[in-house]
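Report on the structure given below.
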Amino acid sequence: MHVKERYEDAKKRYEKAGVDTDKALEILKEIPVSMHCWQGDDVIGFDHDGPLTGGIQTTGNYPGRARTPEELMKDMDKVFSLVPGKTKLNLHASYAIFEDGVHADRDQLKPEHFARWAAFAKERGMGIDFNPTFFSHDMVKDNLTLSSPDKEVRDFWIRHGQACIRISEYLANETGQPCVMNIWIPDGYKDIPADRLTPRARFKDSLDQILSIPYDKEKVLVCLESKVFGIGMESYTVGSSEFTINYAASRGILPLMDNGHYHPTEVVSDKISAMLLFFDKIALHVTRPVRWDSDHVVLFDDETREIAKEIVRNKALDRVMIGLDFFDASINRIAAWTVGMRSFRKALLYALLTPNEKLAGLQEEGHLTEVMMIQEEMKTYPFGDVWDYFCETEGKPVGEDWYEAVKTYEDQVFSARK
Ligand code: RNT
Ligand code: ZN
């Protein structure tokens with residue numbers, strides 16, 4: 001049976017369950033998902049030679065890592081050709097492009113250092129999200145940046161944060177789409193600290209200084225990402241969940257939740273509704289923690305589906321800024337990106353194909369047996385037929401066909417990168 005015929009059959013089955021598949025697909029293709037540039041080069045960037053620091057780690061040594069802006073852009077284009085739906089580009093400050101070799105330090109970065117990225121996104125009709133890079137730099141002293149006791153260190157990173165707001169506004173102006181600018185700092189201590197308050201007070205003050213410069217709040221959506229621990233910062237992080245939520249709420253910025261940044265049995269899917277009651281907008285880093293914040297490739301798994309359901313059924317598609325954040329260096333990086341992007345889009349489709357209102361109504365009336373029964377039965381509905389049809393109508397490969405393109409690319413392009 002052809003993709004279209006399979007779709008027509010599936011559509012009838014979903015109709016009986018109270019789900020309009022055509023409408024679901026219309027919504028699905030417009031949901032922006034931000035693709036992080038850093039999967040392509042193991043979070044290294046172009047502005048330094050040193051290693052990845054800040055308590056995050058890539059493991060693996062698969063051939064083909066992008067080493068230049070040209071290689072990274074080319075790799076991303078390959079991914080874009082395999083991934084259906086609306087995509088945004090997520091950049092880190094460390095991916096600045098210095099023309100004619102004129103280097104600028106992090107606190108001296110200017111919009112011009114991102115002009116080629118702006119042009120790249122514009123040509124593809126994409127928006128750009130942005131991140132200051134508070135790691136992999138020698139001004140990170142003793143794992144501290146904005147919370148450091150050393151004023152020189154703090155001031156350097158405050159200037160970096162301010163520079164990034166200006167760059168974010170420039171990117172928003174260039175692309176005509178708001179720029180989500182996420183602040184994450186690694187700051188923390190390996191062992192039990194003697195003072196948990198003072199570093200947090202300094203972090204708070206540093207953030208206030210970053211946000212004190214004028215910027216257009218419609219165009220730049222500043223976020224703050226929390227984290228429970230990092231490698232080498234196991235006992236304490238300055239930017240804990242409580243710090244971040246309270247800071248964001250009191251300053252009118254967005255909290256960002258990364259689902260690798262909580263205690264192992266905590267789930268972000270359960271937090272979204274609570275946050276939506278108090279924030280106009282929130283942001284997510286969707287990742288896959290395996291035993292720790294390992295940043296494995298996002299899959300179409302239970303928690304990913306549950307996160308997507310919370311966004312869809314709470315009618316929060318324009319209030320939750322979705323970005324992916326993973327970096328696996330042990331497998332083909334184009335495939336890693338493609339699987340992650342396709343998986344999250346699948347999760348969104350799964351949520352859109354769930355009879356959400358009917359289920360909520362049953363819950364309200366106390367029919368909890370039926371809620372469980374329907375949720376289980378929906379799992380074996382012909383979801384794959386709708387997904388395949390979506391890929392086909394978007395002009396993207398159906399099923400595992402995309403992997404052929406990745407293999408050809410690996411043979412032709414990666415083999416020359418040794
Ligand atoms: C680190 C945070 C952060 C980074 C990226 C590269 O634990 O998740 O978001 O992964 O900024
Ligand atoms: Zn993150």
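Within each chain, counting starts at residue 1; across the structure tokens, chains are named A, B, ... in the order shown, with ligands numbered 1 upward in that order.
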Picked from stretch 102-333 of chain A by DSSP as strand (DSSP E), as JSON, numbers by chain: {"A": [128, 129, 130, 131, 179, 180, 181, 182, 183, 188, 189, 220, 221, 222, 223, 224, 225, 236, 237, 254, 255, 256, 257, 258, 282, 283, 284, 285, 286, 288, 289, 290, 292, 293, 294, 295, 296, 320, 321, 322, 323, 324]}
Expected answer as a ChimeraX atom specification: residues within 8 Å of ligand 1, only C-alpha atoms and all ligand atoms: /A:38,43,54-56,92,131,133,182-186,225,227,230,258,260-261,285,293,295,325-326
Length of the atom CA of A:Val140 to atom CA of A:Arg106 vector [Å]: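 Computed distance, atom CA of A:Val140 to atom CA of A:Arg106, equals 11.6 Å.
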A:His103, A:Lys407, A:Arg251, A:Arg305 ranked by distance to A:Ser343, top pick (using only C-alpha atoms):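 The closest residue to A:Ser343 is A:Arg305.
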Residue list (alpha helix (DSSP H), DSSP) for stretch 235-321 of chain A, as an MDAnalysis selection string: chainID A and resid 241:251 268:276 302:313
Residues near A:Lys11, anyone? I mean within 10 Å using only C-alpha atoms, not counting same-chain ones fewer than 3 positions away, as a compact mmCIF listing (two decimals) with N, CA and C atoms, in the first residue's frame.
# COMPACT_ATOMS: atom_id res chain seq x y z
N GLU A 5 -2.41 5.90 0.78
CA GLU A 5 -3.51 4.96 1.11
C GLU A 5 -3.46 4.55 2.58
N ARG A 6 -2.26 4.27 3.04
CA ARG A 6 -2.13 3.91 4.46
C ARG A 6 -2.64 5.06 5.33
N TYR A 7 -2.32 6.28 4.89
CA TYR A 7 -2.77 7.45 5.65
C TYR A 7 -4.30 7.52 5.67
N GLU A 8 -4.92 7.31 4.54
CA GLU A 8 -6.39 7.42 4.47
C GLU A 8 -7.05 6.41 5.44
N TYR A 14 -8.45 7.01 13.37
CA TYR A 14 -8.30 8.10 14.34
C TYR A 14 -9.60 8.91 14.47
N GLU A 15 -10.30 9.06 13.35
CA GLU A 15 -11.56 9.80 13.38
C GLU A 15 -12.53 9.18 14.39
N LYS A 16 -12.58 7.86 14.36
CA LYS A 16 -13.47 7.15 15.29
C LYS A 16 -13.09 7.41 16.75
N ALA A 17 -11.79 7.63 16.95
CA ALA A 17 -11.34 7.90 18.33
C ALA A 17 -11.48 9.39 18.67
N VAL A 19 -10.18 11.99 16.72
CA VAL A 19 -8.97 12.76 16.38
C VAL A 19 -8.97 13.10 14.89
N ASP A 20 -8.71 14.38 14.59
CA ASP A 20 -8.65 14.86 13.21
C ASP A 20 -7.19 14.89 12.75
N THR A 21 -6.79 13.91 11.95
CA THR A 21 -5.38 13.79 11.57
C THR A 21 -4.93 14.93 10.65
N ASP A 22 -5.81 15.38 9.75
CA ASP A 22 -5.43 16.48 8.84
C ASP A 22 -5.07 17.72 9.65
N PRO A 382 -2.48 3.34 14.24
CA PRO A 382 -1.49 3.38 13.14
C PRO A 382 -0.75 4.72 13.04
N PHE A 383 -0.08 5.04 14.11
CA PHE A 383 0.68 6.30 14.20
C PHE A 383 1.70 6.42 13.06
N ASP A 385 1.71 5.36 10.11
CA ASP A 385 1.16 5.70 8.79
C ASP A 385 0.95 7.20 8.66
N VAL A 386 0.57 7.83 9.75
CA VAL A 386 0.37 9.29 9.73
C VAL A 386 1.74 9.98 9.65
Distance in Å - atom CA of A:Thr145 versus atom CA of A:Gly161: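 Those two atoms sit 11.0 Å apart.
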Spatial neighbours of A:Ser330, 7 Å, only C-alpha atoms, chain gap at least 2 places, as a PyMOL selection string: chain A and resi 59-62+328
Write out as an mmCIF file with N, CA, C and O atoms, in the first residue's frame which residues come within 9 Å of A:Lys88 when counting only C-alpha atoms, dropping same-chain ones fewer than 2 positions away.
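Output saved as result-v9.cif:
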data_model
loop_
_atom_site.group_PDB
_atom_site.id
_atom_site.type_symbol
_atom_site.label_atom_id
_atom_site.label_comp_id
_atom_site.auth_asym_id
_atom_site.auth_seq_id
_atom_site.Cartn_x
_atom_site.Cartn_y
_atom_site.Cartn_z
ATOM 1 N N PRO A 32 7.863 25.334 15.846
ATOM 2 C CA PRO A 32 9.311 25.471 15.705
ATOM 3 C C PRO A 32 10.071 24.630 16.729
ATOM 4 O O PRO A 32 9.766 24.652 17.912
ATOM 5 N N VAL A 33 11.030 23.877 16.238
ATOM 6 C CA VAL A 33 11.939 23.137 17.120
ATOM 7 C C VAL A 33 13.345 23.633 16.797
ATOM 8 O O VAL A 33 13.758 23.657 15.643
ATOM 9 N N SER A 34 14.042 24.058 17.837
ATOM 10 C CA SER A 34 15.356 24.651 17.645
ATOM 11 C C SER A 34 16.436 23.576 17.666
ATOM 12 O O SER A 34 16.543 22.796 18.608
ATOM 13 N N MET A 35 17.215 23.558 16.584
ATOM 14 C CA MET A 35 18.269 22.547 16.477
ATOM 15 C C MET A 35 19.608 23.141 16.913
ATOM 16 O O MET A 35 20.079 24.120 16.356
ATOM 17 N N HIS A 36 20.185 22.511 17.921
ATOM 18 C CA HIS A 36 21.433 22.991 18.517
ATOM 19 C C HIS A 36 22.618 22.694 17.611
ATOM 20 O O HIS A 36 22.829 21.550 17.204
ATOM 21 N N LYS A 86 9.014 22.797 10.878
ATOM 22 C CA LYS A 86 9.704 24.083 11.003
ATOM 23 C C LYS A 86 10.874 24.014 11.991
ATOM 24 O O LYS A 86 10.716 23.596 13.139
ATOM 25 N N ASN A 90 19.975 26.873 16.687
ATOM 26 C CA ASN A 90 20.402 27.284 18.023
ATOM 27 C C ASN A 90 21.930 27.368 18.079
ATOM 28 O O ASN A 90 22.614 26.362 17.935
ATOM 29 N N ALA A 121 20.850 31.559 8.113
ATOM 30 C CA ALA A 121 19.472 31.334 8.579
ATOM 31 C C ALA A 121 18.467 32.022 7.658
ATOM 32 O O ALA A 121 17.429 31.445 7.317
ATOM 33 N N GLY A 125 15.112 30.751 5.628
ATOM 34 C CA GLY A 125 13.862 31.167 6.260
ATOM 35 C C GLY A 125 13.745 30.759 7.714
ATOM 36 O O GLY A 125 12.655 30.512 8.225
ATOM 37 N N MET A 126 14.887 30.670 8.391
ATOM 38 C CA MET A 126 14.881 30.200 9.783
ATOM 39 C C MET A 126 15.150 31.316 10.779
ATOM 40 O O MET A 126 15.855 32.267 10.466
ATOM 41 N N GLY A 127 14.643 31.138 11.995
ATOM 42 C CA GLY A 127 15.030 32.003 13.096
ATOM 43 C C GLY A 127 16.274 31.436 13.759
ATOM 44 O O GLY A 127 16.678 30.304 13.476
ATOM 45 N N ILE A 128 16.865 32.254 14.642
ATOM 46 C CA ILE A 128 18.055 31.788 15.373
ATOM 47 C C ILE A 128 17.839 31.990 16.871
ATOM 48 O O ILE A 128 17.346 33.030 17.299
ATOM 49 N N ASP A 129 18.218 30.999 17.654
ATOM 50 C CA ASP A 129 18.301 31.155 19.111
ATOM 51 C C ASP A 129 19.777 31.235 19.471
ATOM 52 O O ASP A 129 20.635 30.811 18.704
ATOM 53 N N GLY A 323 13.776 23.589 22.437
ATOM 54 C CA GLY A 323 15.111 23.421 21.870
ATOM 55 C C GLY A 323 15.649 22.059 22.261
ATOM 56 O O GLY A 323 15.279 21.512 23.301
#
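Among the candidates A:Ile31, A:Ala119, A:Leu256, A:Leu109, the residue lying nearest to ligand 2 is A:Leu256 (atoms considered: only C-alpha atoms and all ligand atoms).
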Long-range neighbours of A:Phe344 as a list in words, 7 Å cut-off, only C-alpha atoms, 3 positions minimum in chain: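 The neighbour list is Phe300, Thr304, Gly340, Met341, Ala347 and Leu348 of chain A.
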Closest of A:Ala335, A:Glu112, A:Asp138, A:Leu144 to A:Asp401 - atom-to-atom distances counting only C-alpha atoms: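 That would be A:Ala335, the residue with the smallest distance to A:Asp401.
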Nearby residues (only C-alpha atoms) at most 8 Å from A:Ser269, same-chain spacing under 4 positions excluded, as a PyMOL selection string: chain A and resi 303+306-307+310
Export all heavy atoms of the chosen residues as a PDB file, in the first residue's frame?
ATOM      1  N   GLU A 303       9.134   9.567  28.216  1.00  0.00           N
ATOM      2  CA  GLU A 303       9.215  10.917  28.777  1.00  0.00           C
ATOM      3  C   GLU A 303       9.185  11.980  27.672  1.00  0.00           C
ATOM      4  O   GLU A 303       8.578  13.039  27.845  1.00  0.00           O
ATOM      5  CB  GLU A 303      10.458  11.053  29.678  1.00  0.00           C
ATOM      6  CG  GLU A 303      10.762  12.450  30.205  1.00  0.00           C
ATOM      7  CD  GLU A 303       9.657  13.127  31.044  1.00  0.00           C
ATOM      8  OE1 GLU A 303       8.590  12.535  31.310  1.00  0.00           O
ATOM      9  OE2 GLU A 303       9.875  14.306  31.398  1.00  0.00           O
ATOM     10  N   GLU A 306       5.658  12.345  26.802  1.00  0.00           N
ATOM     11  CA  GLU A 306       4.915  12.991  27.886  1.00  0.00           C
ATOM     12  C   GLU A 306       5.170  14.506  27.885  1.00  0.00           C
ATOM     13  O   GLU A 306       4.264  15.299  28.122  1.00  0.00           O
ATOM     14  CB  GLU A 306       5.326  12.353  29.220  1.00  0.00           C
ATOM     15  CG  GLU A 306       4.269  12.367  30.297  1.00  0.00           C
ATOM     16  CD  GLU A 306       2.955  11.667  29.936  1.00  0.00           C
ATOM     17  OE1 GLU A 306       2.927  10.767  29.081  1.00  0.00           O
ATOM     18  OE2 GLU A 306       1.929  12.065  30.531  1.00  0.00           O
ATOM     19  N   ILE A 307       6.399  14.900  27.610  1.00  0.00           N
ATOM     20  CA  ILE A 307       6.723  16.325  27.512  1.00  0.00           C
ATOM     21  C   ILE A 307       5.913  16.952  26.373  1.00  0.00           C
ATOM     22  O   ILE A 307       5.279  18.000  26.535  1.00  0.00           O
ATOM     23  CB  ILE A 307       8.250  16.525  27.286  1.00  0.00           C
ATOM     24  CG1 ILE A 307       9.023  16.214  28.575  1.00  0.00           C
ATOM     25  CG2 ILE A 307       8.561  17.943  26.789  1.00  0.00           C
ATOM     26  CD1 ILE A 307      10.538  16.214  28.432  1.00  0.00           C
ATOM     27  N   GLU A 310       2.266  17.435  27.237  1.00  0.00           N
ATOM     28  CA  GLU A 310       2.013  18.566  28.139  1.00  0.00           C
ATOM     29  C   GLU A 310       1.988  19.889  27.383  1.00  0.00           C
ATOM     30  O   GLU A 310       1.259  20.803  27.742  1.00  0.00           O
ATOM     31  CB  GLU A 310       3.072  18.599  29.247  1.00  0.00           C
ATOM     32  CG  GLU A 310       2.880  17.509  30.288  1.00  0.00           C
ATOM     33  CD  GLU A 310       1.559  17.670  31.043  1.00  0.00           C
ATOM     34  OE1 GLU A 310       1.260  18.783  31.490  1.00  0.00           O
ATOM     35  OE2 GLU A 310       0.822  16.673  31.172  1.00  0.00           O
TER      36      GLU A 310
END
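Comparing the minimum interatomic distances between A:Lys151 and each of A:Glu370, A:Asp205, A:Asp42, A:Glu364, counting only C-alpha atoms, we find that A:Asp205 sits nearest.
The coordinates place atom CA of A:Phe46 at 7.0 Å from atom CA of A:Thr68.
Ranking A:Ala308, A:Ala10, A:Ile322, A:Ala336 by their shortest atom-to-atom distance to ligand 2, with only C-alpha atoms and all ligand atoms included, puts A:Ile322 first.
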Which of A:Ala104, A:Met257, A:Leu28, A:Cys37 sits closest to A:Phe327 [using only C-alpha atoms]: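 Closest residue, counting only C-alpha atoms: A:Cys37.
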